[in-house]
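So this one's work35.cif, mmCIF, C-alpha atoms and all ligand atoms:
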```
data_model
loop_
_atom_site.label_atom_id
_atom_site.label_comp_id
_atom_site.auth_asym_id
_atom_site.auth_seq_id
_atom_site.Cartn_x
_atom_site.Cartn_y
_atom_site.Cartn_z
CA MET A 1 -110.88 1.19 -60.72
CA ASN A 2 -113.13 -0.98 -62.87
CA VAL A 3 -114.58 -3.70 -60.68
CA ILE A 4 -116.06 -5.55 -63.64
CA GLU A 5 -115.64 -5.12 -67.36
CA LEU A 6 -117.46 -7.02 -70.11
CA GLU A 7 -116.02 -6.83 -73.61
CA ASN A 8 -118.31 -7.95 -76.43
CA VAL A 9 -119.75 -10.75 -74.29
CA THR A 10 -122.12 -13.23 -75.90
CA LYS A 11 -124.04 -16.07 -74.29
CA PHE A 12 -126.29 -18.60 -75.92
CA TYR A 13 -128.17 -21.57 -74.54
CA MET A 14 -129.28 -24.62 -76.46
CA LEU A 15 -132.87 -25.66 -75.84
CA GLY A 16 -132.86 -29.02 -77.63
CA GLU A 17 -132.12 -28.04 -81.23
CA THR A 18 -132.99 -24.38 -80.69
CA ARG A 19 -130.34 -21.80 -79.96
CA VAL A 20 -131.38 -19.00 -77.59
CA ASP A 21 -129.14 -15.92 -77.78
CA ALA A 22 -129.42 -14.45 -74.28
CA LEU A 23 -126.57 -11.93 -74.71
CA ARG A 24 -125.67 -10.80 -78.24
CA GLY A 25 -122.48 -8.80 -77.65
CA VAL A 26 -122.48 -6.56 -74.59
CA SER A 27 -119.68 -4.28 -73.44
CA LEU A 28 -119.91 -2.55 -70.08
CA SER A 29 -117.62 -1.24 -67.33
CA ILE A 30 -118.67 -0.99 -63.71
CA ASN A 31 -116.63 1.26 -61.49
CA GLU A 32 -115.90 0.80 -57.81
CA GLY A 33 -118.62 2.46 -55.72
CA GLU A 34 -121.33 2.52 -58.39
CA PHE A 35 -125.02 2.02 -57.60
CA LEU A 36 -126.31 0.65 -60.84
CA ALA A 37 -129.53 -0.86 -62.20
CA ILE A 38 -129.72 -3.36 -65.05
CA ALA A 39 -133.17 -2.65 -66.43
CA GLY A 40 -135.14 -4.53 -69.03
CA PRO A 41 -138.26 -6.60 -69.63
CA SER A 42 -138.54 -10.25 -68.65
CA GLY A 43 -136.33 -12.40 -70.92
CA SER A 44 -134.07 -9.50 -71.97
CA GLY A 45 -130.94 -11.10 -70.46
CA LYS A 46 -130.67 -9.44 -67.03
CA SER A 47 -130.03 -12.64 -65.06
CA THR A 48 -127.62 -13.92 -67.70
CA MET A 49 -125.66 -10.68 -67.43
CA LEU A 50 -125.54 -10.81 -63.61
CA ASN A 51 -124.31 -14.40 -63.88
CA MET A 52 -121.46 -13.12 -66.05
CA PHE A 53 -120.60 -10.45 -63.46
CA GLY A 54 -120.63 -13.09 -60.74
CA CYS A 55 -118.61 -15.62 -62.76
CA ILE A 56 -121.21 -18.28 -62.02
CA ASP A 57 -121.50 -18.98 -65.73
CA GLN A 58 -119.03 -18.78 -68.63
CA PRO A 59 -119.60 -16.50 -71.62
CA SER A 60 -119.92 -18.11 -75.07
CA GLY A 61 -117.68 -15.36 -76.47
CA GLY A 62 -115.96 -12.16 -75.41
CA THR A 63 -114.08 -11.33 -72.23
CA VAL A 64 -115.07 -10.82 -68.59
CA LYS A 65 -112.49 -8.90 -66.57
CA ILE A 66 -112.54 -8.75 -62.79
CA ALA A 67 -110.54 -5.91 -61.25
CA GLY A 68 -108.59 -5.76 -64.49
CA THR A 69 -107.86 -9.50 -64.76
CA PRO A 70 -109.51 -11.49 -67.58
CA THR A 71 -111.29 -14.44 -65.96
CA ASP A 72 -110.11 -16.83 -68.66
CA HIS A 73 -106.60 -16.25 -67.27
CA MET A 74 -107.71 -17.33 -63.80
CA ASN A 75 -107.65 -20.97 -62.70
CA ASP A 76 -110.53 -22.72 -60.87
CA LYS A 77 -109.02 -22.08 -57.46
CA GLU A 78 -108.67 -18.34 -58.10
CA LEU A 79 -112.21 -18.15 -59.48
CA THR A 80 -113.70 -20.00 -56.52
CA ARG A 81 -111.83 -17.79 -54.09
CA TYR A 82 -113.00 -14.74 -55.97
CA ARG A 83 -116.65 -15.83 -55.91
CA ARG A 84 -116.47 -16.65 -52.22
CA THR A 85 -114.76 -13.49 -51.00
CA LYS A 86 -115.36 -10.71 -53.54
CA ILE A 87 -118.92 -11.27 -54.75
CA SER A 88 -122.18 -11.44 -52.84
CA PHE A 89 -125.58 -12.32 -54.24
CA ILE A 90 -129.05 -11.22 -53.22
CA PHE A 91 -132.01 -13.08 -54.75
CA GLN A 92 -135.65 -12.26 -55.31
CA SER A 93 -136.68 -15.25 -53.19
CA PHE A 94 -134.25 -14.25 -50.38
CA ASN A 95 -132.68 -17.76 -50.16
CA LEU A 96 -132.32 -17.79 -46.38
CA ILE A 97 -131.83 -21.05 -44.49
CA PRO A 98 -135.15 -21.62 -42.68
CA VAL A 99 -133.79 -23.56 -39.67
CA LEU A 100 -131.27 -20.82 -38.87
CA ASN A 101 -132.09 -17.60 -37.06
CA VAL A 102 -131.21 -14.11 -38.29
CA TYR A 103 -127.79 -14.09 -36.64
CA GLU A 104 -126.90 -17.56 -37.94
CA ASN A 105 -128.03 -16.81 -41.49
CA ILE A 106 -125.82 -13.73 -41.60
CA GLU A 107 -122.87 -15.51 -40.00
CA PHE A 108 -123.10 -18.41 -42.46
CA PRO A 109 -120.83 -17.14 -45.30
CA LEU A 110 -118.17 -16.21 -42.73
CA LEU A 111 -117.87 -19.83 -41.57
CA LEU A 112 -116.08 -20.51 -44.88
CA GLN A 113 -113.48 -17.87 -44.04
CA LYS A 114 -111.30 -19.93 -41.76
CA HIS A 115 -108.90 -17.11 -40.93
CA LEU A 116 -111.59 -15.23 -38.99
CA THR A 117 -111.92 -15.81 -35.25
CA LYS A 118 -115.30 -16.26 -33.53
CA LYS A 119 -114.93 -12.75 -32.10
CA GLU A 120 -114.20 -11.21 -35.52
CA ARG A 121 -117.22 -13.01 -36.99
CA ASP A 122 -119.41 -11.74 -34.16
CA GLU A 123 -118.31 -8.14 -34.67
CA ARG A 124 -119.03 -8.29 -38.38
CA VAL A 125 -122.44 -9.95 -37.93
CA MET A 126 -123.55 -7.49 -35.25
CA LYS A 127 -122.45 -4.51 -37.36
CA ALA A 128 -124.33 -5.82 -40.41
CA ILE A 129 -127.48 -6.52 -38.35
CA GLU A 130 -127.38 -2.96 -37.08
CA GLU A 131 -126.83 -1.56 -40.59
CA VAL A 132 -130.01 -3.21 -41.88
CA GLY A 133 -132.06 -2.30 -38.78
CA LEU A 134 -132.75 -5.80 -37.43
CA SER A 135 -131.18 -5.54 -33.98
CA ASP A 136 -134.49 -6.55 -32.38
CA ARG A 137 -134.86 -9.69 -34.55
CA ILE A 138 -131.50 -11.40 -33.97
CA LYS A 139 -132.95 -14.66 -32.60
CA ASN A 140 -135.93 -14.94 -34.98
CA LYS A 141 -136.08 -17.72 -37.56
CA SER A 142 -136.47 -16.42 -41.11
CA THR A 143 -139.94 -18.02 -41.24
CA GLU A 144 -141.00 -15.55 -38.54
CA LEU A 145 -140.04 -12.53 -40.64
CA SER A 146 -141.88 -10.47 -43.25
CA GLY A 147 -140.59 -10.36 -46.86
CA GLY A 148 -138.95 -6.98 -46.31
CA GLN A 149 -137.23 -8.23 -43.15
CA ARG A 150 -136.03 -11.36 -44.97
CA GLN A 151 -134.48 -9.24 -47.70
CA ARG A 152 -132.76 -7.15 -45.00
CA VAL A 153 -131.22 -10.34 -43.64
CA ALA A 154 -130.06 -11.20 -47.16
CA ILE A 155 -128.47 -7.75 -47.50
CA ALA A 156 -126.66 -8.17 -44.16
CA ARG A 157 -125.50 -11.64 -45.23
CA ALA A 158 -124.20 -10.12 -48.47
CA LEU A 159 -122.24 -7.45 -46.60
CA VAL A 160 -120.46 -9.46 -43.88
CA THR A 161 -117.84 -10.81 -46.26
CA LYS A 162 -116.92 -7.21 -47.21
CA PRO A 163 -117.33 -7.95 -50.92
CA LEU A 164 -116.02 -5.93 -53.85
CA ILE A 165 -119.51 -6.02 -55.35
CA VAL A 166 -123.06 -7.02 -54.37
CA LEU A 167 -125.20 -8.44 -57.20
CA ALA A 168 -128.95 -8.39 -56.59
CA ASP A 169 -131.14 -10.15 -59.17
CA GLU A 170 -134.62 -8.57 -59.01
CA PRO A 171 -134.35 -8.13 -55.22
CA THR A 172 -137.73 -6.39 -54.99
CA ALA A 173 -139.76 -8.70 -57.24
CA ASN A 174 -141.41 -10.51 -54.31
CA LEU A 175 -142.09 -7.38 -52.27
CA ASP A 176 -144.88 -4.81 -52.39
CA SER A 177 -143.75 -1.56 -53.98
CA ALA A 178 -143.41 0.44 -50.75
CA THR A 179 -141.26 -2.31 -49.17
CA GLY A 180 -139.29 -2.75 -52.39
CA THR A 181 -138.49 0.95 -52.50
CA LYS A 182 -137.31 0.83 -48.88
CA ILE A 183 -135.02 -2.11 -49.67
CA ILE A 184 -133.41 -0.23 -52.58
CA GLU A 185 -133.09 2.88 -50.39
CA LEU A 186 -131.33 0.80 -47.75
CA MET A 187 -128.84 -0.48 -50.33
CA LYS A 188 -128.33 3.09 -51.53
CA THR A 189 -127.60 4.28 -47.99
CA ILE A 190 -125.06 1.48 -47.49
CA ASN A 191 -123.49 2.34 -50.86
CA ALA A 192 -123.17 5.99 -49.81
CA THR A 193 -121.86 5.11 -46.33
CA ASP A 194 -119.25 2.45 -46.98
CA GLY A 195 -118.82 2.61 -50.77
CA THR A 196 -119.91 -0.97 -51.49
CA THR A 197 -120.61 -1.39 -55.22
CA PHE A 198 -124.18 -2.53 -55.89
CA VAL A 199 -125.68 -3.83 -59.13
CA PHE A 200 -129.34 -4.78 -59.12
CA SER A 201 -131.67 -5.87 -61.89
CA THR A 202 -135.31 -4.91 -62.24
CA HIS A 203 -138.09 -4.52 -64.77
CA ASP A 204 -139.89 -2.01 -62.53
CA ALA A 205 -139.57 1.62 -63.74
CA HIS A 206 -140.09 3.01 -60.25
CA ILE A 207 -137.35 0.83 -58.77
CA MET A 208 -134.83 1.45 -61.60
CA ASN A 209 -135.15 5.19 -61.06
CA GLU A 210 -133.68 4.78 -57.56
CA ALA A 211 -130.34 3.90 -59.18
CA ARG A 212 -127.56 6.41 -59.81
CA ARG A 213 -126.97 4.81 -63.22
CA ILE A 214 -129.38 2.75 -65.32
CA VAL A 215 -128.19 0.31 -67.99
CA HIS A 216 -131.05 -0.62 -70.31
CA ILE A 217 -131.00 -4.06 -71.92
CA GLN A 218 -133.35 -5.45 -74.54
CA ASP A 219 -133.17 -8.75 -76.45
CA GLY A 220 -129.64 -9.37 -75.20
CA LEU A 221 -128.25 -5.98 -76.22
CA ILE A 222 -127.51 -2.82 -74.23
CA THR A 223 -129.66 -0.03 -75.66
CA ASP A 224 -128.41 2.64 -73.23
CA ASP A 225 -125.44 2.20 -70.88
CA GLY A 226 -126.47 5.09 -68.65
CA LYS A 227 -123.33 7.09 -69.29
CA THR A 228 -123.59 10.70 -70.39
CA ALA A 229 -122.21 11.54 -73.84
CA GLU A 230 -118.95 12.92 -72.44
CA GLY A 231 -118.54 9.70 -70.41
P1 LIG B 1 -134.19 -11.93 -67.64
O1 LIG B 1 -133.43 -12.18 -66.39
O2 LIG B 1 -134.05 -10.54 -68.16
O3 LIG B 1 -135.63 -12.32 -67.52
P2 LIG B 1 -132.65 -14.16 -68.68
O4 LIG B 1 -131.24 -13.74 -68.64
O5 LIG B 1 -133.12 -15.05 -67.60
O6 LIG B 1 -133.58 -12.84 -68.79
O7 LIG B 1 -132.97 -14.89 -70.06
C1 LIG B 1 -132.59 -14.36 -71.33
C2 LIG B 1 -133.02 -15.36 -72.40
O8 LIG B 1 -132.28 -16.57 -72.25
C3 LIG B 1 -134.49 -15.76 -72.32
O9 LIG B 1 -134.96 -15.97 -73.62
C4 LIG B 1 -134.44 -17.06 -71.54
O10 LIG B 1 -135.54 -17.87 -71.87
C5 LIG B 1 -133.13 -17.67 -72.01
N1 LIG B 1 -132.49 -18.52 -70.99
C6 LIG B 1 -132.02 -18.12 -69.78
N2 LIG B 1 -131.47 -19.14 -69.12
C7 LIG B 1 -131.59 -20.23 -69.93
C8 LIG B 1 -131.22 -21.60 -69.82
N3 LIG B 1 -130.58 -22.07 -68.73
N4 LIG B 1 -131.51 -22.43 -70.86
C9 LIG B 1 -132.14 -21.97 -71.95
N5 LIG B 1 -132.50 -20.69 -72.13
C10 LIG B 1 -132.25 -19.83 -71.13
MG MG B 2 -134.06 -12.78 -64.51
#
```

The structure given in the file should be rewritten as structure tokens.
Amino acid sequence: MNVIELENVTKFYMLGETRVDALRGVSLSINEGEFLAIAGPSGSGKSTMLNMFGCIDQPSGGTVKIAGTPTDHMNDKELTRYRRTKISFIFQSFNLIPVLNVYENIEFPLLLQKHLTKKERDERVMKAIEEVGLSDRIKNKSTELSGGQRQRVAIARALVTKPLIVLADEPTANLDSATGTKIIELMKTINATDGTTFVFSTHDAHIMNEARRIVHIQDGLITDDGKTAEG
């Protein structure tokens, strides 16, 4: 199944009178279970593309399909529900809530899922904490954690909602290279274990080579979609 499909997607921004073409016609399919890197230099359109995948911004042209459904056929309620339950984001600056401890940060997105009981939430949080290797840090505030540990919390928080896809925008940019590599390896292990689809962006050649598929983007165009000639 295609989790996400872009068909000839364009996106431009207006900076005063100046038009900035961030995406100039990109077509790409992401299959369930992929572990994929969007690779390109700063300003090439990586974040804009991830925002299209996550439906947090509208394309200027072209079509974004989610699990086969064009998003322009979905109403606001369906889109909101989709973003809340099917998509998780991981950011380069971690975006944890400083006053909450590790457990509470990871539990946070589940509080919006009213159908879950306290016990079901607890089971999911504890499983995710274990998956990212933070069982001994449950009660720590995020301010008491290293960068690598903070990103592990963010990964656990991304996983508890059991999303269709995890989108990570330069998740290693604020980490030293050894820690960054470990974070990508952790995502890769989770991908192999439970089949969660991961898409991360990076401009770091070492990090992109950890991916099973690399999509290269330059000046808003895909220069190599990482598929072999026979598809
Ligand atoms: P990357 O993530 O690869 O660094 P971006 O997707 O952030 O690239 O940006 C692609 C291009 O679009 C850049 O030229 C950037 O300056 C421009 N851009 C991105 N977001 C905006 C915005 N909100 N307003 C104006 N220009 C933007
Ligand atoms: Mg970016």

Item to complete: Taking only C-alpha atoms and all ligand atoms into account, report as an NGL selection string which residues have an atom no farther than 7 Å from an atom of ligand MG 2 (chain B).
Response: :A and (42-43 or 45-47 or 169-170)

Fill in: Within 7 Å of file point (-129.4, 1.2, -64.6), counting only C-alpha atoms, expressed as a list in words
Leu36, Ala37, Ile38, Ala39, Met208, Ala211, Arg213, Ile214, Val215, His216 and Gly226 of chain A

Can you spit out the residues from that selection as a compact mmCIF listing (two decimals), in the frame of the given file, using C-alpha atoms?
```
# COMPACT_ATOMS: atom_id res chain seq x y z
CA LEU A 36 -126.31 0.65 -60.84
CA ALA A 37 -129.53 -0.86 -62.20
CA ILE A 38 -129.72 -3.36 -65.05
CA ALA A 39 -133.17 -2.65 -66.43
CA MET A 208 -134.83 1.45 -61.60
CA ALA A 211 -130.34 3.90 -59.18
CA ARG A 213 -126.97 4.81 -63.22
CA ILE A 214 -129.38 2.75 -65.32
CA VAL A 215 -128.19 0.31 -67.99
CA HIS A 216 -131.05 -0.62 -70.31
CA GLY A 226 -126.47 5.09 -68.65
```

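Computed from the coordinates, the CA of Ile207 (chain A) to CA of Thr48 (chain A) distance equals 19.8 Å.
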
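Each of A:Leu167, A:Ala67, A:Ala128, A:Val3 was compared to Arg152 (chain A) using all atoms listed in the file, and A:Ala128 turns out to be the nearest.
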
Worksheet item: Once you count all atoms listed in the file, which residues end up within 10 Å of ligand LIG 1 (chain B), and could you hand them over as a ChimeraX atom specification?
Response: /A:11-16,18-23,38-51,169-170,201-203,217-220

I want to know what sits within 9 Å of Gln113 (chain A), based on all atoms listed in the file, with residues of the same chain fewer than 6 positions away left out; could you give that as a PDB file with C-alpha atoms, keeping the file's coordinate frame?
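See result.pdb below for the written result:
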```pdb
ATOM      1  CA  ARG A  84    -116.470 -16.650 -52.220  1.00  0.00           C
ATOM      2  CA  THR A  85    -114.760 -13.490 -51.000  1.00  0.00           C
ATOM      3  CA  THR A 161    -117.840 -10.810 -46.260  1.00  0.00           C
TER       4      THR A 161
END
```

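Every protein, DNA or RNA residue with an atom at most 8 Å from region 92-94 of chain A, where all atoms listed in the file count and chain neighbours fewer than 3 positions away do not, is listed here: Arg150, Gln151, Ala154, Ala168, Asp169, Glu170, Pro171, Thr172, Ala173 and Asn174 of chain A.
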
Contact table region 121-170 of chain A vs region 176-191 of chain A, cut-off 10 Å, shortest pair per residue, all atoms listed in the file, as a Markdown table:
```
| residue | atom | partner | partner_atom | distance |
| --- | --- | --- | --- | --- |
| A:Glu131 | CA | A:Ile190 | CA | 7.7 |
| A:Val132 | CA | A:Leu186 | CA | 7.2 |
| A:Gly133 | CA | A:Leu186 | CA | 9.5 |
| A:Gly147 | CA | A:Thr179 | CA | 8.4 |
| A:Gly148 | CA | A:Thr179 | CA | 5.9 |
| A:Gln149 | CA | A:Ile183 | CA | 9.2 |
| A:Gln151 | CA | A:Ile183 | CA | 7.4 |
| A:Arg152 | CA | A:Ile183 | CA | 7.2 |
| A:Ile155 | CA | A:Met187 | CA | 7.8 |
| A:Leu159 | CA | A:Ile190 | CA | 9.4 |
| A:Val166 | CA | A:Met187 | CA | 9.6 |
| A:Glu170 | CA | A:Gly180 | CA | 10.0 |
```

Exercise: region 137-143 of chain A partners within 6 Å, all atoms listed in the file, chain neighbours under 5 positions left out, as a PDB file with C-alpha atoms, keeping the file's coordinate frame:
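After the write, around_19.pdb holds the following:
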```
ATOM      1  CA  PRO A  98    -135.150 -21.620 -42.680  1.00  0.00           C
ATOM      2  CA  LEU A 100    -131.270 -20.820 -38.870  1.00  0.00           C
ATOM      3  CA  ASN A 101    -132.090 -17.600 -37.060  1.00  0.00           C
ATOM      4  CA  VAL A 102    -131.210 -14.110 -38.290  1.00  0.00           C
ATOM      5  CA  TYR A 103    -127.790 -14.090 -36.640  1.00  0.00           C
TER       6      TYR A 103
END
```

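Each of A:Arg157, A:Asp57, A:Glu144, A:Asp72 was checked against Val99 (chain A) using all atoms listed in the file; the smallest atom-to-atom distance is that of A:Glu144.
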
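Here CA of Val26 (chain A) stands at a distance of 16.2 Å from CA of Thr71 (chain A).
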
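For the pair CA of Glu107 (chain A) and CA of Met52 (chain A), the separation is 26.2 Å.
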
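For the choices A:Met74, A:Ile106, A:Ile56, A:Val125, the atom-to-atom distance to Val153 (chain A) is smallest for A:Ile106 when using all atoms listed in the file.
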
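Nearest to Glu120 (chain A) of all the residues A:Val160, A:Ile87, A:Ile66, A:Arg24 is A:Val160, based on all atoms listed in the file.
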